[in-house]
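Novice: Shown below is the structure under consideration.
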Amino acid sequence: MVETKYIFVTGGVTSSLGKGIIAASLAKLLQARGYRTTIQKLDPYINVDPGTLNPYEHGECYVTDDGAETDLDLGHYERFLNVRTSQANNVTTGRIYQSVIQKERRGEFLGKTVQVVPHITNEIKERIQILGKSGDYDIVITEIGGTVGDIESLPYIESVRQLLWELGDNNAIVIHLTLVPYLAAAGELKTKPTQHSVKTLMESGIKADILVCRTEHDISDEKREKLALFCNVKKEAVIQSIDASTIYDVPQLMQKEGLDTVTLKKLNLSDEVEPDLSRWNQFLERHKNPKNEITIGLVGKYVELQDSYKSILESFTHAGAENEVKVNVRSIHSEYLSTKTIDKKLMGLDGILVAPGFGERGIEGKILAVQYARENDVPFLGICLGMQMAVIEFARNVLGLEGANSTEMNEDAKYPVISLMEEQKSITDMGGTMRLGAWDCELQPNTLVHEIYGASEISERHRHRYEFNNEFKTEFEEAGLVASGINKKTGLVEIVEIPSHPWFVGVQYHPEYKSTVANPHPLFVGFVKAVLNQKKKQTNASLA
Ligand code: GLN
């Protein structure tokens, strides 16, 4: 067996250059050549995980099967590779320190002074090698968050330096992602920022093996030579990463630039097998040549920041390609929805998705959006909080339970149709204490979801504290809102649907975390299909 090889991806000049996409694209190309590849993200912030972060801070919090609350880049890794990630794929400074401090309290350092070097760096090195040592992977790509030169990423850079030395040439390499900006006034691409960031990396004892240069214009041969000479890399290792119209084009762009071949060469691995990207290309082909178009309203309160709903947006891309439909997603701020504005704001939508979320802000707008979808036969998907809002809306407007609410919003709600599980009531710590990760769900026969999944047993990922209150279940079912998915062990309701509506589904879990290019999520595929059918039906009716 070959020893696991390590690729470190660092970033220079600015943040937001798309390290996650470059890492995922390279991983895709290596995987397509038969190498078992995984990606890991190291985040230099002090939160133990992003679970306690507001989406405005850091975008969506992604959840893995094992219940880890992680950086949204892990979503890209899973969507590109179709391989599951876990807690080991995302490490933060908070987690590193927490672990080192716990060891110190247990006396494991035997009276030594505990320091950044070697104790923190050792912990980082251990975490980097966990995936490699599992024997499951030929190649581990580790993405270092932040930008080279940041104070907080120094221990990570030092750990990479030590590992490069320990693992030896051809076993570990560094890919440095930088920006080559275009100065319109000079009409020229500039290489100096890249030279400086490579220099900063060298000051920490690390020489980049490959440069990936983000650019808005083609980098000329002459500029590539200059970059190679001043940054100490071979010319073939200067890779241009030009702005792409979709992130899903990046693997092919990287292949054209030879990122995978130069990587394999440096790692002393064979590049004889050509990448098999047939499934990927089939998806791209459909994604780029839609036969129809639909518009779906995404009702949420974090809509100002696209990254807040990253996985939902990507799931629509996958489901759109599967149905050969262009899915336009219109963001609708739930705080601005009122009885006065609702018709105008939701006009022209072919489908409505009410998004996940926490807290009271904007919930009345979400409830109005549910009511609009239910009463006007607009296909509806409610995710997590969106499902809870669908239950509240039905309770208030169909069952006539005035004041029905979730106890998250009103502890003393007269009709607590969404409430806390007993186990959750005594919890005071916020971090990592929700119902998290993969839970089984049994789909009831003769339901819409049973047909969509084509299965009776499914497993989906959760991230919430509050639940459908089973005390009201019979009342709901008798009035036409059916519990179509249930966790057998706990009896918790995971899915509700309204059989008399063309397509109305609320799920307590997050289907968006499991949609990938190779495996678009059935619920999103089914939703997009229903939206399209309903649109066609309406167009035909208006023509008749
Ligand atoms: N706030 C709700 C809960 O905790 C829903 C969470 C979510 O949408 N992810 O149950």
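Residues in the structure tokens are numbered from 1 in each chain, the chains being A, B, ... in the order shown, and ligands are numbered from 1 in the order shown.
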I need the residues in segment 72-261 of chain A that are strand (DSSP E) according to DSSP; give them as an MDAnalysis selection string.
Specialist: chainID A and resid 90:92 139:144 172:179 182:183 188:189 210:215 238:242
Novice: Please find the residues contacting ligand 1 at a distance of at most 8 Å between atoms, with only C-alpha atoms and all ligand atoms counted, and report them as number ranges by chain.
Specialist: A: 355-359, 383-386, 388, 408, 434, 462-467, 508-510
Novice: Need to verify the contact set: Phe80 of chain A, 12 Å, only C-alpha atoms, exclusion of same-chain residues closer than 3 positions in sequence. Can you return it as a ChimeraX atom specification?
Specialist: /A:20-32,37-39,73-77,83-85,247-251,277,279-280,283,314,318,514-520
Novice: Counting only C-alpha atoms, which residue out of A:Arg374, A:Ala541, A:Leu401, A:Ser456 sits closest to Val505 of chain A?
Specialist: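 Checking each candidate against Val505 of chain A, we get A:Arg374 as the closest.
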Novice: Can you pull out the residues contacting Gly51 of chain A? Cut-off 7 Å, using only C-alpha atoms, and skip same-chain residues under 4 positions away; I want them as a list in words.
Specialist: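 The filter keeps Cys61, Glu69, Gly431 and Gly432 of chain A.
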Novice: Among segment 46-273 of chain A, which ones does DSSP place in helix (DSSP H, G or I), written as a PyMOL selection string?
Specialist: chain A and resi 50-52+55-58+73-81+87-89+93-105+116-133+154-167+192-203+221-231+235-237+247-257+259-266
Novice: Report as a list in words all protein, DNA and RNA residues lying within 6 Å of Leu42 of chain A, evaluated on only C-alpha atoms, omitting residues in the same chain fewer than 6 positions from it.
Specialist: Asn90, Val91, Thr92, Ile144 and Gly145 of chain A
Novice: Let's have the selection written as a PDB file, in the first residue's frame, with all heavy atoms.
Specialist:
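What ended up in again.pdb:
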```pdb
ATOM      1  N   ASN A  90     -12.935  18.842   9.822  1.00  0.00           N
ATOM      2  CA  ASN A  90     -12.950  20.274  10.138  1.00  0.00           C
ATOM      3  C   ASN A  90     -12.429  20.497  11.550  1.00  0.00           C
ATOM      4  O   ASN A  90     -12.953  19.951  12.510  1.00  0.00           O
ATOM      5  CB  ASN A  90     -14.379  20.830  10.015  1.00  0.00           C
ATOM      6  CG  ASN A  90     -14.451  22.346  10.036  1.00  0.00           C
ATOM      7  OD1 ASN A  90     -15.518  22.917  10.239  1.00  0.00           O
ATOM      8  ND2 ASN A  90     -13.349  23.044   9.844  1.00  0.00           N
ATOM      9  N   VAL A  91     -11.366  21.264  11.641  1.00  0.00           N
ATOM     10  CA  VAL A  91     -10.750  21.534  12.938  1.00  0.00           C
ATOM     11  C   VAL A  91     -10.616  23.036  13.105  1.00  0.00           C
ATOM     12  O   VAL A  91     -10.220  23.727  12.166  1.00  0.00           O
ATOM     13  CB  VAL A  91      -9.345  20.876  13.014  1.00  0.00           C
ATOM     14  CG1 VAL A  91      -8.688  21.170  14.347  1.00  0.00           C
ATOM     15  CG2 VAL A  91      -9.444  19.379  12.784  1.00  0.00           C
ATOM     16  N   THR A  92     -10.942  23.540  14.293  1.00  0.00           N
ATOM     17  CA  THR A  92     -10.766  24.975  14.544  1.00  0.00           C
ATOM     18  C   THR A  92      -9.720  25.165  15.646  1.00  0.00           C
ATOM     19  O   THR A  92      -9.415  24.226  16.392  1.00  0.00           O
ATOM     20  CB  THR A  92     -12.067  25.622  15.041  1.00  0.00           C
ATOM     21  OG1 THR A  92     -12.340  25.104  16.352  1.00  0.00           O
ATOM     22  CG2 THR A  92     -13.241  25.331  14.125  1.00  0.00           C
ATOM     23  N   ILE A 144      -5.889  25.329   4.638  1.00  0.00           N
ATOM     24  CA  ILE A 144      -5.678  26.182   5.818  1.00  0.00           C
ATOM     25  C   ILE A 144      -6.501  27.451   5.626  1.00  0.00           C
ATOM     26  O   ILE A 144      -6.248  28.212   4.689  1.00  0.00           O
ATOM     27  CB  ILE A 144      -4.189  26.575   5.970  1.00  0.00           C
ATOM     28  CG1 ILE A 144      -3.250  25.397   5.695  1.00  0.00           C
ATOM     29  CG2 ILE A 144      -3.919  27.235   7.324  1.00  0.00           C
ATOM     30  CD1 ILE A 144      -3.084  24.413   6.778  1.00  0.00           C
ATOM     31  N   GLY A 145      -7.453  27.690   6.511  1.00  0.00           N
ATOM     32  CA  GLY A 145      -8.295  28.878   6.400  1.00  0.00           C
ATOM     33  C   GLY A 145      -7.479  30.148   6.621  1.00  0.00           C
ATOM     34  O   GLY A 145      -6.373  30.114   7.154  1.00  0.00           O
TER      35      GLY A 145
END
```
Novice: Could you name the residues that touch Thr194 of chain A at 12 Å or less, counting only C-alpha atoms, but leaving out those on the same chain fewer than 6 positions away, as a list in words?
Specialist: Gly11, Gly12, Val13, Thr14, Val148, His176, Leu177, Thr178, Leu179, Val180, Pro181, Thr200, Leu201, Ala208, Leu211, Val212, Cys213, Arg214, Thr215, Lys223, Arg224, Lys226, Leu227, Ala228, Phe230, Cys231, Asn232 and Val238 of chain A
Novice: Write out as a PyMOL selection string each polymer residue whose atoms come within 10 Å of segment 339-353 of chain A, counting only C-alpha atoms; drop sequence neighbours fewer than 5 positions from it.
Specialist: chain A and resi 293-300+312+328-334+364-366+368-370+372-374+377-383+386-387+503-506+527-528+530-536+538
Novice: Name the closest residue to Phe316 of chain A among the candidates A:Lys529, A:Leu189, A:Glu478, A:Glu225; distances are taken between atoms, counting only C-alpha atoms.
Specialist: A:Lys529
Novice: For the atom pair atom CA of Asn171 of chain A and atom CA of Leu267 of chain A, what is the interatomic distance in Å to one decimal place?
Specialist: 5.6 Å
Novice: Counting only C-alpha atoms, figure out which residue out of A:Asn410, A:Asn470, A:Asn122, A:Thr263 gets nearest to Ile173 of chain A.
Specialist: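 So, comparing all the options, the nearest one is A:Thr263.
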Novice: For Arg95 of chain A, which residue out of A:Gly187, A:Gly135, A:Gly437, A:Pro50 is the nearest one, using only C-alpha atoms?
Specialist: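 Of A:Gly187, A:Gly135, A:Gly437, A:Pro50, the one nearest Arg95 of chain A, counting only C-alpha atoms, is A:Pro50.
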Novice: Go through A:Trp439, A:Tyr415, A:Phe8, A:Phe472 one by one, measure the shortest atom-to-atom distance of each to Ile128 of chain A using only C-alpha atoms, and give the residue with the smallest value.
Specialist: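 Among the listed residues, A:Phe8 lies closest to Ile128 of chain A.
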